[in-house]
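> Below you will find the structure I want to go over with you.
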Amino acid sequence: MKAVVFHEFGGPDVLRLEELETPSPGPGEVLLDVLACALNHLDVDVREGVSRFPVDTPFVLGIEVVGRIAAVGDGVESWQVGERVMPFLMATCGDCRFCRSGRESLCTSAGFISFSTSGGYAEQLVCSTRHLMRVPDELTDEAAAALQIAFGTAWHMLFDRGGLRAGETVMINSVGSGIGSAAVQLAHIAGATVIGNASSDDKLARAAELGMDHGINYAAQDVVAEVMRITDGRGVDLVYEHVGGKLFQAGLDSLDKDGRLVICGGHSGEVVPFDIIPFFRMQRSVIGSFCYLRSEVEKCLELARQGRITPLVYETFALDDAREAMEMMERREHFGKIVLKP
Ligand SMILES: [Zn+2]
């Protein structure tokens, strides 16, 4: 099979299209023909060797995959050759105290797919049936590949961790990103008032089409002042944060009394000053969020099947053009997912 491999850490030029031996599925595993694999910023961190995950070279990237079952290993009975499936992002153990209590994203021995198996920048991939979810016929391969991380993360943050309810006001940071645009769609159909911010008016216009009620251009406007103007001085009930640095600070300052800030990332500033006094006097909460649950992805697959949410695909590339695809992602001009299609 063909796969995009890197042998040393570095920029996009370390990627090589190579011929690898086709993996064969062991007991409880399936072989997938990869139909589509979405790119993620984690791929860049892994390629550059700064992901803080244990990565040995040579390595095949790709954690967000849709595939068709091409072969099944011993003991696999409930999955058939020809079914279109999506592996859950994490290889969870099913047995630890978190897995047993329905919190599998906190599994004590989980590995990400492509760390524990081979990756999705390839024609084929072997993974455990424990990963698998069925993909509805209504979704294209590309749309299904674009759904899992963006919508799964958004669902977990907004509803499970953030407790968003109909009638509340939420501010979504960086609505041009995959998880930002997914959160706009989910918060909108949940009956919340959605304030979003982005670095350009173009991105705000796209987010407005997805259900955003008010847009703030953080390159040109003061986020906190705009939030206070829009909410008549109250602030928002929930801030959806994944950026860090100044947007984290602005998010805290934009909260109403008893407001919550839920956060899953901080690339733009991972260590920030924190003013304790207004935090407790206003009875605010900061809530961490990690990954998402299989059941949450399945709810999003159903909403996409009904046409109530739309996974956004910006551009599709052939496997040979993986370098170009990664370069496009690293320029951060895209709105929606970049997808490889072997
Ligand atoms: Zn576990």
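For the structure tokens, the naming scheme is as follows: chains receive sequential letters (A, B, ...) according to their order of presentation, residues are indexed from 1 within each chain, and ligands are indexed from 1 in presentation order.
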Would you mind listing what lies within 10 Å of region 248-252 of chain A as a VMD selection string, with only C-alpha atoms counted and same-chain residues fewer than 5 positions away left out?

chain A and resid 171 to 173 222 to 225 227 235 to 236 238 to 243 259 to 263 265 to 266 268 to 270 272 to 275 278 to 279 284 to 286

> Around ligand 1, at most 10 Å away and counting only C-alpha atoms and all ligand atoms, which residues are there? Put them as a ChimeraX atom specification, please.

/A:91-110

> Run DSSP on the backbone and grab whatever in region 91-271 of chain A lands in helix (DSSP H, G or I); send it over as a PyMOL selection string.

chain A and resi 97-100+104-106+129-131+141-161+178-189+201-209+223-230+245-253

> Do you have, as a tab-separated table, the list of residues of region 152-183 of chain A lying at most 12 Å from region 18-41 of chain A, each with its nearest atom pair and that distance in Å to one decimal, counting only C-alpha atoms and ordered by chain then number?


```
residue	atom	partner	partner_atom	distance
A:Ser177	CA	A:His41	CA	10.6
A:Gly178	CA	A:Asn40	CA	9.1
A:Ile179	CA	A:Asn40	CA	10.8
```

> Grab the residues selected above and save them as a CSV table (one decimal), in the first residue's frame with C-alpha atoms.


```csv
chain,number,residue,atom,x,y,z
A,177,SER,CA,-11.4,27.0,13.1
A,178,GLY,CA,-12.9,23.5,12.7
A,179,ILE,CA,-14.0,23.2,16.3
```

> Applying 8 Å and only C-alpha atoms, which residues near region 310-323 of chain A remain after dropping the ones on its own chain fewer than 2 positions away? List them as a PyMOL selection string.

chain A and resi 3-4+12-13+15+17+121-122+142-144+146-147+178+182+304+307-308+325-327+334-342

> Between CA of Ser254 (chain A) and CA of Ile309 (chain A), what is the distance in Å, rounded to a tenth?

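One can read the CA of Ser254 (chain A) to CA of Ile309 (chain A) distance as 27.4 Å.
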
> Which polymer residues have any atom within 9 Å of an atom of Gln148 (chain A), counting only C-alpha atoms, with same-chain residues fewer than 3 positions away left out, as a PyMOL selection string?

chain A and resi 64-65+86+88-89+144-145+151-153+297+300-301+311

> Write the residues of the preceding selection, restricted to N, CA, C and O atoms, as a PDB file, in the first residue's frame.


```pdb
ATOM      1  N   GLU A  64      -7.901  11.084  11.796  1.00  0.00           N
ATOM      2  CA  GLU A  64      -9.343  11.299  11.580  1.00  0.00           C
ATOM      3  C   GLU A  64      -9.755  10.659  10.257  1.00  0.00           C
ATOM      4  O   GLU A  64      -9.692  11.278   9.208  1.00  0.00           O
ATOM      5  N   VAL A  65     -10.198   9.415  10.349  1.00  0.00           N
ATOM      6  CA  VAL A  65     -10.271   8.539   9.185  1.00  0.00           C
ATOM      7  C   VAL A  65     -11.698   8.035   8.951  1.00  0.00           C
ATOM      8  O   VAL A  65     -12.427   7.769   9.893  1.00  0.00           O
ATOM      9  N   MET A  86     -15.973   4.565  10.742  1.00  0.00           N
ATOM     10  CA  MET A  86     -15.085   5.625  11.214  1.00  0.00           C
ATOM     11  C   MET A  86     -14.481   5.119  12.521  1.00  0.00           C
ATOM     12  O   MET A  86     -15.216   4.739  13.431  1.00  0.00           O
ATOM     13  N   PHE A  88     -13.107   5.532  16.114  1.00  0.00           N
ATOM     14  CA  PHE A  88     -13.043   6.529  17.191  1.00  0.00           C
ATOM     15  C   PHE A  88     -11.583   6.926  17.369  1.00  0.00           C
ATOM     16  O   PHE A  88     -10.674   6.107  17.239  1.00  0.00           O
ATOM     17  N   LEU A  89     -11.391   8.211  17.682  1.00  0.00           N
ATOM     18  CA  LEU A  89     -10.039   8.776  17.741  1.00  0.00           C
ATOM     19  C   LEU A  89      -9.086   8.030  18.670  1.00  0.00           C
ATOM     20  O   LEU A  89      -7.895   7.926  18.412  1.00  0.00           O
ATOM     21  N   ALA A 144     -17.835  12.964   6.268  1.00  0.00           N
ATOM     22  CA  ALA A 144     -17.729  12.110   7.458  1.00  0.00           C
ATOM     23  C   ALA A 144     -16.348  12.272   8.097  1.00  0.00           C
ATOM     24  O   ALA A 144     -16.226  12.341   9.329  1.00  0.00           O
ATOM     25  N   ALA A 145     -15.314  12.374   7.259  1.00  0.00           N
ATOM     26  CA  ALA A 145     -13.955  12.535   7.810  1.00  0.00           C
ATOM     27  C   ALA A 145     -13.810  13.880   8.511  1.00  0.00           C
ATOM     28  O   ALA A 145     -13.037  14.027   9.454  1.00  0.00           O
ATOM     29  N   PHE A 151     -16.860  18.227  15.586  1.00  0.00           N
ATOM     30  CA  PHE A 151     -18.173  18.178  16.248  1.00  0.00           C
ATOM     31  C   PHE A 151     -18.121  17.419  17.567  1.00  0.00           C
ATOM     32  O   PHE A 151     -18.815  17.771  18.517  1.00  0.00           O
ATOM     33  N   GLY A 152     -17.308  16.353  17.625  1.00  0.00           N
ATOM     34  CA  GLY A 152     -17.188  15.625  18.893  1.00  0.00           C
ATOM     35  C   GLY A 152     -16.644  16.531  19.993  1.00  0.00           C
ATOM     36  O   GLY A 152     -17.182  16.595  21.110  1.00  0.00           O
ATOM     37  N   THR A 153     -15.587  17.270  19.672  1.00  0.00           N
ATOM     38  CA  THR A 153     -14.990  18.195  20.639  1.00  0.00           C
ATOM     39  C   THR A 153     -15.981  19.280  21.037  1.00  0.00           C
ATOM     40  O   THR A 153     -16.121  19.618  22.225  1.00  0.00           O
ATOM     41  N   VAL A 297     -20.037  11.505  19.375  1.00  0.00           N
ATOM     42  CA  VAL A 297     -19.812  11.472  17.922  1.00  0.00           C
ATOM     43  C   VAL A 297     -21.028  10.865  17.231  1.00  0.00           C
ATOM     44  O   VAL A 297     -21.470  11.331  16.177  1.00  0.00           O
ATOM     45  N   CYS A 300     -23.694  13.343  16.815  1.00  0.00           N
ATOM     46  CA  CYS A 300     -23.364  14.290  15.740  1.00  0.00           C
ATOM     47  C   CYS A 300     -23.534  13.642  14.369  1.00  0.00           C
ATOM     48  O   CYS A 300     -23.991  14.295  13.418  1.00  0.00           O
ATOM     49  N   LEU A 301     -23.185  12.354  14.250  1.00  0.00           N
ATOM     50  CA  LEU A 301     -23.411  11.645  12.976  1.00  0.00           C
ATOM     51  C   LEU A 301     -24.898  11.655  12.635  1.00  0.00           C
ATOM     52  O   LEU A 301     -25.281  11.842  11.474  1.00  0.00           O
ATOM     53  N   PRO A 311     -20.718  19.199   8.259  1.00  0.00           N
ATOM     54  CA  PRO A 311     -19.257  19.208   8.365  1.00  0.00           C
ATOM     55  C   PRO A 311     -18.678  19.982   7.177  1.00  0.00           C
ATOM     56  O   PRO A 311     -19.102  19.788   6.036  1.00  0.00           O
TER      57      PRO A 311
END
```

> Gln306 (chain A): which residues within 12 Å, counting only C-alpha atoms, same-chain residues fewer than 5 positions away excluded, as a list in words?

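Selected residues are Pro136, Asp137, Glu138, Leu139, Lys299, Cys300 and Leu301 of chain A.
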
> Provide the CA of Gly244 (chain A) to CA of His188 (chain A) distance in Å, to one decimal place.

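Distance reported for this atom pair: 23.6 Å.
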
> Give me, please, the distance in Å between CA of Val135 (chain A) and CA of Thr117 (chain A), quoted to one decimal.

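Straight-line distance from CA of Val135 (chain A) to CA of Thr117 (chain A) works out to 20.4 Å.
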